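Colleague: My structure is stored as work.pdb, with PDB, C-alpha atoms and all ligand atoms.
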```pdb
MODEL        1
ATOM      1  CA  MET A   1     241.941 -12.476 -96.058
ATOM      2  CA  SER A   2     244.349  -9.766 -97.148
ATOM      3  CA  GLU A   3     247.054  -8.521 -94.799
ATOM      4  CA  TYR A   4     245.327  -5.147 -94.513
ATOM      5  CA  LYS A   5     242.079  -6.800 -93.564
ATOM      6  CA  LYS A   6     243.831  -8.897 -90.923
ATOM      7  CA  ILE A   7     245.454  -5.809 -89.423
ATOM      8  CA  ALA A   8     242.119  -3.998 -89.457
ATOM      9  CA  VAL A   9     240.453  -6.909 -87.647
ATOM     10  CA  ILE A  10     243.195  -7.041 -85.004
ATOM     11  CA  LEU A  11     243.020  -3.294 -84.459
ATOM     12  CA  PHE A  12     239.261  -3.363 -84.279
ATOM     13  CA  SER A  13     239.110  -6.236 -81.810
ATOM     14  CA  ASN A  14     241.713  -4.514 -79.641
ATOM     15  CA  TRP A  15     240.352  -1.063 -80.229
ATOM     16  CA  LYS A  16     240.620  -0.030 -76.615
ATOM     17  CA  LEU A  17     244.257  -1.037 -76.321
ATOM     18  CA  PHE A  18     245.006   0.612 -79.644
ATOM     19  CA  VAL A  19     243.276   3.884 -78.780
ATOM     20  CA  SER A  20     244.813   4.040 -75.306
ATOM     21  CA  TYR A  21     248.248   3.316 -76.773
ATOM     22  CA  VAL A  22     247.939   6.065 -79.346
ATOM     23  CA  PHE A  23     246.224   8.660 -77.179
ATOM     24  CA  LYS A  24     247.305   7.555 -73.700
ATOM     25  CA  ILE A  25     243.774   8.105 -72.476
ATOM     26  CA  ASN A  26     243.126   4.771 -70.890
ATOM     27  CA  LEU A  27     241.647   6.352 -67.785
ATOM     28  CA  PHE A  28     239.298   8.435 -69.814
ATOM     29  CA  ILE A  29     238.015   5.391 -71.685
ATOM     30  CA  ASP A  30     237.479   3.442 -68.451
ATOM     31  CA  ASP A  31     235.518   6.346 -66.979
ATOM     32  CA  PHE A  32     233.507   6.636 -70.137
ATOM     33  CA  ILE A  33     232.625   2.926 -70.102
ATOM     34  CA  MET A  34     231.584   3.299 -66.465
ATOM     35  CA  PHE A  35     229.453   6.274 -67.423
ATOM     36  CA  LEU A  36     227.733   4.183 -70.095
ATOM     37  CA  VAL A  37     227.240   1.307 -67.668
ATOM     38  CA  ASN A  38     225.704   3.636 -65.102
ATOM     39  CA  ARG A  39     223.488   5.226 -67.712
ATOM     40  CA  LYS A  40     222.461   1.734 -68.817
ATOM     41  CA  VAL A  41     223.476   2.539 -72.415
ATOM     42  CA  VAL A  42     225.654  -0.559 -72.527
ATOM     43  CA  THR A  43     222.746  -2.775 -71.554
ATOM     44  CA  LYS A  44     221.932  -3.722 -75.150
ATOM     45  CA  GLY A  45     225.253  -5.479 -75.551
ATOM     46  CA  GLU A  46     225.114  -6.851 -72.047
ATOM     47  CA  GLN A  47     221.614  -8.146 -72.556
ATOM     48  CA  GLN A  48     222.837  -9.808 -75.725
ATOM     49  CA  SER A  49     225.576 -11.618 -73.829
ATOM     50  CA  ILE A  50     223.104 -12.586 -71.127
ATOM     51  CA  LYS A  51     220.741 -13.766 -73.865
ATOM     52  CA  ASN A  52     223.385 -16.090 -75.213
ATOM     53  CA  ASN A  53     223.777 -17.473 -71.738
ATOM     54  CA  ASP A  54     220.479 -18.292 -70.053
ATOM     55  CA  GLU A  55     218.667 -15.015 -70.493
ATOM     56  CA  ASP A  56     215.854 -15.832 -68.103
ATOM     57  CA  PHE A  57     218.051 -17.031 -65.302
ATOM     58  CA  PHE A  58     219.979 -13.782 -64.959
ATOM     59  CA  LYS A  59     216.797 -11.727 -65.202
ATOM     60  CA  ILE A  60     215.484 -13.314 -62.006
ATOM     61  CA  LYS A  61     214.171 -10.695 -59.624
ATOM     62  CA  VAL A  62     216.231 -10.376 -56.456
ATOM     63  CA  GLY A  63     214.384  -8.894 -53.503
ATOM     64  CA  LYS A  64     211.829  -6.289 -54.483
ATOM     65  CA  HIS A  65     213.860  -3.943 -56.644
ATOM     66  CA  PHE A  66     216.838  -5.710 -58.237
ATOM     67  CA  LYS A  67     217.616  -8.200 -60.985
ATOM     68  CA  LEU A  68     220.320 -10.819 -60.690
ATOM     69  CA  TYR A  69     222.408  -9.494 -63.604
ATOM     70  CA  GLU A  70     222.908  -6.174 -61.797
ATOM     71  CA  PHE A  71     225.193  -8.007 -59.359
ATOM     72  CA  PHE A  72     227.370  -9.463 -62.133
ATOM     73  CA  ARG A  73     227.727  -6.344 -64.225
ATOM     74  CA  SER A  74     231.286  -5.114 -63.982
ATOM     75  CA  LYS A  75     233.332  -2.425 -65.646
ATOM     76  CA  ILE A  76     236.463  -4.550 -65.241
ATOM     77  CA  ALA A  77     234.747  -7.619 -66.714
ATOM     78  CA  ILE A  78     233.630  -5.608 -69.755
ATOM     79  CA  THR A  79     237.045  -4.026 -70.238
ATOM     80  CA  HIS A  80     238.862  -7.375 -69.962
ATOM     81  CA  ASN A  81     236.202  -9.485 -71.651
ATOM     82  CA  ILE A  82     235.671 -11.707 -68.590
ATOM     83  CA  ASP A  83     232.448 -13.596 -67.894
ATOM     84  CA  ASN A  84     231.664 -12.471 -64.346
ATOM     85  CA  LYS A  85     228.386 -14.384 -63.995
ATOM     86  CA  THR A  86     227.829 -17.447 -61.844
ATOM     87  CA  LYS A  87     224.972 -19.773 -60.954
ATOM     88  CA  ASN A  88     226.645 -20.887 -57.722
ATOM     89  CA  GLN A  89     223.823 -21.365 -55.256
ATOM     90  CA  SER A  90     225.558 -20.039 -52.158
ATOM     91  CA  VAL A  91     226.651 -16.891 -54.046
ATOM     92  CA  ILE A  92     223.058 -16.296 -55.123
ATOM     93  CA  GLU A  93     221.757 -16.913 -51.605
ATOM     94  CA  ASN A  94     224.262 -14.361 -50.271
ATOM     95  CA  ILE A  95     223.162 -11.830 -52.901
ATOM     96  CA  MET A  96     219.543 -12.378 -51.864
ATOM     97  CA  LEU A  97     220.317 -11.883 -48.169
ATOM     98  CA  LEU A  98     222.279  -8.691 -48.857
ATOM     99  CA  THR A  99     219.402  -7.387 -50.952
ATOM    100  CA  GLU A 100     216.707  -8.213 -48.426
ATOM    101  CA  HIS A 101     218.537  -6.732 -45.423
ATOM    102  CA  CYS A 102     220.441  -3.831 -46.979
ATOM    103  CA  LEU A 103     219.778  -2.943 -50.618
ATOM    104  CA  ASP A 104     215.974  -3.062 -50.634
ATOM    105  CA  PRO A 105     215.720  -0.951 -47.445
ATOM    106  CA  ILE A 106     218.144   1.602 -49.014
ATOM    107  CA  ARG A 107     216.101   1.662 -52.238
ATOM    108  CA  GLU A 108     212.889   2.174 -50.299
ATOM    109  CA  ASN A 109     214.223   4.807 -47.921
ATOM    110  CA  PHE A 110     215.670   7.087 -50.616
ATOM    111  CA  ASP A 111     213.090   6.134 -53.254
ATOM    112  CA  LYS A 112     215.795   6.475 -55.916
ATOM    113  CA  PRO A 113     217.631   3.932 -58.107
ATOM    114  CA  VAL A 114     220.502   2.144 -56.398
ATOM    115  CA  TYR A 115     223.419   1.424 -58.756
ATOM    116  CA  ILE A 116     225.578  -1.563 -57.952
ATOM    117  CA  THR A 117     228.964  -0.503 -59.277
ATOM    118  CA  SER A 118     230.532  -3.800 -58.163
ATOM    119  CA  GLY A 119     228.595  -6.750 -56.765
ATOM    120  CA  TYR A 120     229.815 -10.309 -57.135
ATOM    121  CA  ARG A 121     233.401 -10.622 -58.375
ATOM    122  CA  CYS A 122     234.803 -13.778 -59.880
ATOM    123  CA  PRO A 123     238.444 -14.411 -58.828
ATOM    124  CA  LYS A 124     239.827 -12.865 -62.043
ATOM    125  CA  VAL A 125     237.804  -9.663 -61.665
ATOM    126  CA  ASN A 126     238.623  -9.489 -57.954
ATOM    127  CA  LYS A 127     242.329  -9.732 -58.697
ATOM    128  CA  LEU A 128     242.123  -6.983 -61.309
ATOM    129  CA  ALA A 129     240.120  -4.861 -58.840
ATOM    130  CA  GLU A 130     242.979  -5.385 -56.351
ATOM    131  CA  GLY A 131     240.531  -6.969 -53.940
ATOM    132  CA  THR A 132     241.857  -9.116 -51.098
ATOM    133  CA  SER A 133     241.703 -12.911 -51.319
ATOM    134  CA  THR A 134     239.104 -12.852 -48.533
ATOM    135  CA  SER A 135     236.967 -10.150 -50.157
ATOM    136  CA  GLU A 136     233.267 -10.624 -49.502
ATOM    137  CA  HIS A 137     232.673  -9.659 -53.157
ATOM    138  CA  LEU A 138     234.031 -13.125 -54.075
ATOM    139  CA  ILE A 139     231.080 -14.843 -52.426
ATOM    140  CA  GLY A 140     228.357 -12.338 -53.342
ATOM    141  CA  ARG A 141     228.111 -11.032 -49.797
ATOM    142  CA  ALA A 142     229.230  -7.453 -50.590
ATOM    143  CA  SER A 143     228.235  -4.768 -53.045
ATOM    144  CA  ASP A 144     229.606  -1.326 -53.844
ATOM    145  CA  ILE A 145     226.765   1.095 -54.374
ATOM    146  CA  VAL A 146     225.786   4.665 -55.159
ATOM    147  CA  VAL A 147     222.274   6.076 -55.083
ATOM    148  CA  GLU A 148     221.175   8.434 -57.808
ATOM    149  CA  GLY A 149     221.037  12.026 -56.552
ATOM    150  CA  VAL A 150     222.010  11.127 -52.978
ATOM    151  CA  ASP A 151     225.172  12.449 -51.352
ATOM    152  CA  ILE A 152     227.493   9.555 -50.591
ATOM    153  CA  LYS A 153     228.005  10.668 -46.973
ATOM    154  CA  GLU A 154     224.256  10.829 -46.437
ATOM    155  CA  LEU A 155     223.953   7.299 -47.801
ATOM    156  CA  PHE A 156     226.780   6.110 -45.549
ATOM    157  CA  GLU A 157     225.297   7.739 -42.426
ATOM    158  CA  TRP A 158     221.842   6.372 -43.136
ATOM    159  CA  CYS A 159     223.176   2.833 -43.525
ATOM    160  CA  LYS A 160     225.230   3.207 -40.343
ATOM    161  CA  THR A 161     222.194   4.264 -38.298
ATOM    162  CA  ASN A 162     219.481   2.099 -39.794
ATOM    163  CA  LEU A 163     220.909  -1.185 -41.057
ATOM    164  CA  LYS A 164     222.435  -4.339 -39.693
ATOM    165  CA  PHE A 165     225.554  -5.266 -41.716
ATOM    166  CA  ASN A 166     228.857  -7.052 -41.536
ATOM    167  CA  GLN A 167     230.986  -4.243 -42.990
ATOM    168  CA  LEU A 168     230.146  -0.726 -44.070
ATOM    169  CA  ILE A 169     232.907   1.243 -45.782
ATOM    170  CA  LEU A 170     232.859   4.722 -47.242
ATOM    171  CA  GLU A 171     235.422   4.409 -50.021
ATOM    172  CA  THR A 172     236.878   7.658 -51.287
ATOM    173  CA  PRO A 173     239.513   7.110 -53.979
ATOM    174  CA  LYS A 174     242.060   9.829 -54.759
ATOM    175  CA  LYS A 175     240.574  10.076 -58.233
ATOM    176  CA  GLY A 176     236.968   9.644 -59.267
ATOM    177  CA  ASN A 177     233.718   9.168 -57.414
ATOM    178  CA  SER A 178     233.192   7.683 -53.954
ATOM    179  CA  TRP A 179     230.990   4.704 -53.160
ATOM    180  CA  VAL A 180     229.639   2.774 -50.221
ATOM    181  CA  HIS A 181     230.741  -0.844 -49.721
ATOM    182  CA  ILE A 182     228.212  -2.845 -47.738
ATOM    183  CA  SER A 183     228.175  -6.527 -46.802
ATOM    184  CA  TYR A 184     225.756  -8.770 -44.951
ATOM    185  CA  ARG A 185     226.073 -12.292 -43.598
ATOM    186  CA  GLU A 186     223.417 -14.624 -42.327
ATOM    187  CA  HIS A 187     225.062 -15.091 -38.926
ATOM    188  CA  GLY A 188     227.625 -13.092 -36.976
ATOM    189  CA  ASN A 189     227.354  -9.637 -38.555
ATOM    190  CA  LYS A 190     230.105  -7.476 -37.069
ATOM    191  CA  ASN A 191     228.605  -4.040 -37.791
ATOM    192  CA  GLU A 192     232.114  -2.852 -38.627
ATOM    193  CA  VAL A 193     232.370   0.714 -39.961
ATOM    194  CA  LYS A 194     235.386   2.012 -41.891
ATOM    195  CA  LEU A 195     236.506   4.994 -43.949
ATOM    196  CA  MET A 196     238.951   4.253 -46.756
TER
HETATM  197 ZN    ZN A 201     233.548  -3.282 -52.177
ENDMDL
END
```
Please express what this file holds, its structure, as structure tokens.
Modeller:
Amino acid sequence: MSEYKKIAVILFSNWKLFVSYVFKINLFIDDFIMFLVNRKVVTKGEQQSIKNNDEDFFKIKVGKHFKLYEFFRSKIAITHNIDNKTKNQSVIENIMLLTEHCLDPIRENFDKPVYITSGYRCPKVNKLAEGTSTSEHLIGRASDIVVEGVDIKELFEWCKTNLKFNQLILETPKKGNSWVHISYREHGNKNEVKLM
């Protein structure tokens, strides 16, 4: 391979780093990737990676309205090329409980798609997301969600009034869109409500 070709390959495989270095628009690219993820435009590539890795398993239906891969999809994992999927049984059981008691009822009440912006997080993704070492995302017990066309405060208030949960947090970052963090555990739900 010629030197030029090698350089081209390196630049191409690190295109995001390269572009953000040159244009200093890292944030913009992250937002754009998130936009694609939310619009399900990225799913072709994602489905390909799922295909290479037990396609059918990660397409398992969870509850009435969700598929398992929706809980492993992660902007951070895509950006950092991390495999955020797991077959750990207790993680999957936690995801199923959260779906049955929280996510399916939300989906049915609003009758609109629920987007899981962050579900399960492997330790690497959790660290990059600046999650705590005791984060319920690490065991599949929590998900961050938005509902298409529904005001985030309305979603938060509805969950607060109608659901049983361990933690419900309305997360409003200084920059970007808000989301609702919701977690559910089989026993000892604390029904803790927070604004962050
Ligand atoms: Zn969260």
Colleague: Could you please give me, as a PyMOL selection string, the residues of protein, DNA or RNA lying at most 10 Å from (225.9, -6.4, -46.9) in the coordinate frame of the file, considering only C-alpha atoms?
Modeller: chain A and resi 94-95+97-103+136-137+140-144+163-168+181-186+189+191
Colleague: When the PyMOL selection byres (((chain A and resi 150) around 12) and not hetatm) is applied to the structure above, which residues does it catch, written out as a short mmCIF file (atom, residue, chain, number, x, y, z; two decimals) with C-alpha atoms, in the coordinates of the input?
Modeller:
```cif
data_model
loop_
_atom_site.label_atom_id
_atom_site.label_comp_id
_atom_site.auth_asym_id
_atom_site.auth_seq_id
_atom_site.Cartn_x
_atom_site.Cartn_y
_atom_site.Cartn_z
CA ILE A 106 218.14 1.60 -49.01
CA ARG A 107 216.10 1.66 -52.24
CA ASN A 109 214.22 4.81 -47.92
CA PHE A 110 215.67 7.09 -50.62
CA ASP A 111 213.09 6.13 -53.25
CA LYS A 112 215.80 6.48 -55.92
CA PRO A 113 217.63 3.93 -58.11
CA VAL A 114 220.50 2.14 -56.40
CA TYR A 115 223.42 1.42 -58.76
CA ILE A 145 226.76 1.10 -54.37
CA VAL A 146 225.79 4.66 -55.16
CA VAL A 147 222.27 6.08 -55.08
CA GLU A 148 221.18 8.43 -57.81
CA GLY A 149 221.04 12.03 -56.55
CA ASP A 151 225.17 12.45 -51.35
CA ILE A 152 227.49 9.56 -50.59
CA LYS A 153 228.00 10.67 -46.97
CA GLU A 154 224.26 10.83 -46.44
CA LEU A 155 223.95 7.30 -47.80
CA PHE A 156 226.78 6.11 -45.55
CA GLU A 157 225.30 7.74 -42.43
CA TRP A 158 221.84 6.37 -43.14
CA SER A 178 233.19 7.68 -53.95
CA TRP A 179 230.99 4.70 -53.16
CA VAL A 180 229.64 2.77 -50.22
#
```
Colleague: Run the PyMOL selection byres (((chain A and resi 125) around 9) and not hetatm) mentally over the shown coordinates, then write out the matched residues as a PyMOL selection string, using the chain letters and numbers from the document.
Modeller: chain A and resi 74+76-77+80+82+84+121-124+126-131
Colleague: Quick one, how far is CA of Thr117 (chain A) from CA of Thr86 (chain A)?
Modeller: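 Taking CA of Thr117 (chain A) and CA of Thr86 (chain A), their separation equals 17.2 Å.
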Colleague: Quick one: distance from CA of Ile116 (chain A) to CA of Val62 (chain A) in Å, one decimal?
Modeller: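 Separation between CA of Ile116 (chain A) and CA of Val62 (chain A): 12.9 Å.
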Colleague: Counting all atoms listed in the file, which residue out of A:Asn81, A:Ser2, A:Ser118, A:Ser90 sits closest to ligand ZN 201 (chain A)?
Modeller: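 Using all atoms listed in the file, the shortest distance to ligand ZN 201 (chain A) belongs to A:Ser118.
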Colleague: One number please: CA of Met96 (chain A) to CA of Thr161 (chain A), in Å, one decimal.
Modeller: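 We find that CA of Met96 (chain A) and CA of Thr161 (chain A) lie 21.6 Å from each other.
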Colleague: Pick from A:Tyr120, A:Phe57, A:Tyr69, A:Tyr4: nearest to ligand ZN 201 (chain A), with all atoms listed in the file counted?
Modeller: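 Among A:Tyr120, A:Phe57, A:Tyr69, A:Tyr4, it is A:Tyr120 that comes nearest to ligand ZN 201 (chain A).
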Colleague: Using only C-alpha atoms and all ligand atoms, can you tell me which of A:Asp104, A:Glu171, A:Glu93, A:Asp56 comes closest to ligand ZN 201 (chain A)?
Modeller: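 Result for the nearest residue to ligand ZN 201 (chain A): A:Glu171.
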Colleague: Quick one: of A:Ile139, A:Thr132, A:His187, A:Lys6, who's nearest to Phe72 (chain A), counting all atoms listed in the file?
Modeller: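 The answer is A:Ile139, which sits nearest to Phe72 (chain A).
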Colleague: In terms of the shortest atom-to-atom distance over only C-alpha atoms and all ligand atoms, which of A:Asp83, A:Ser133, A:Leu195, A:Ile169 is closest to ligand ZN 201 (chain A)?
Modeller: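 Ranking A:Asp83, A:Ser133, A:Leu195, A:Ile169 by distance to ligand ZN 201 (chain A), first place goes to A:Ile169.
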Colleague: Have a look at A:Pro105, A:Ile60, A:Lys5, A:Gly188 and name the one nearest to Asn162 (chain A); count all atoms listed in the file.
Modeller: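 Checking each candidate against Asn162 (chain A), we get A:Pro105 as the closest.
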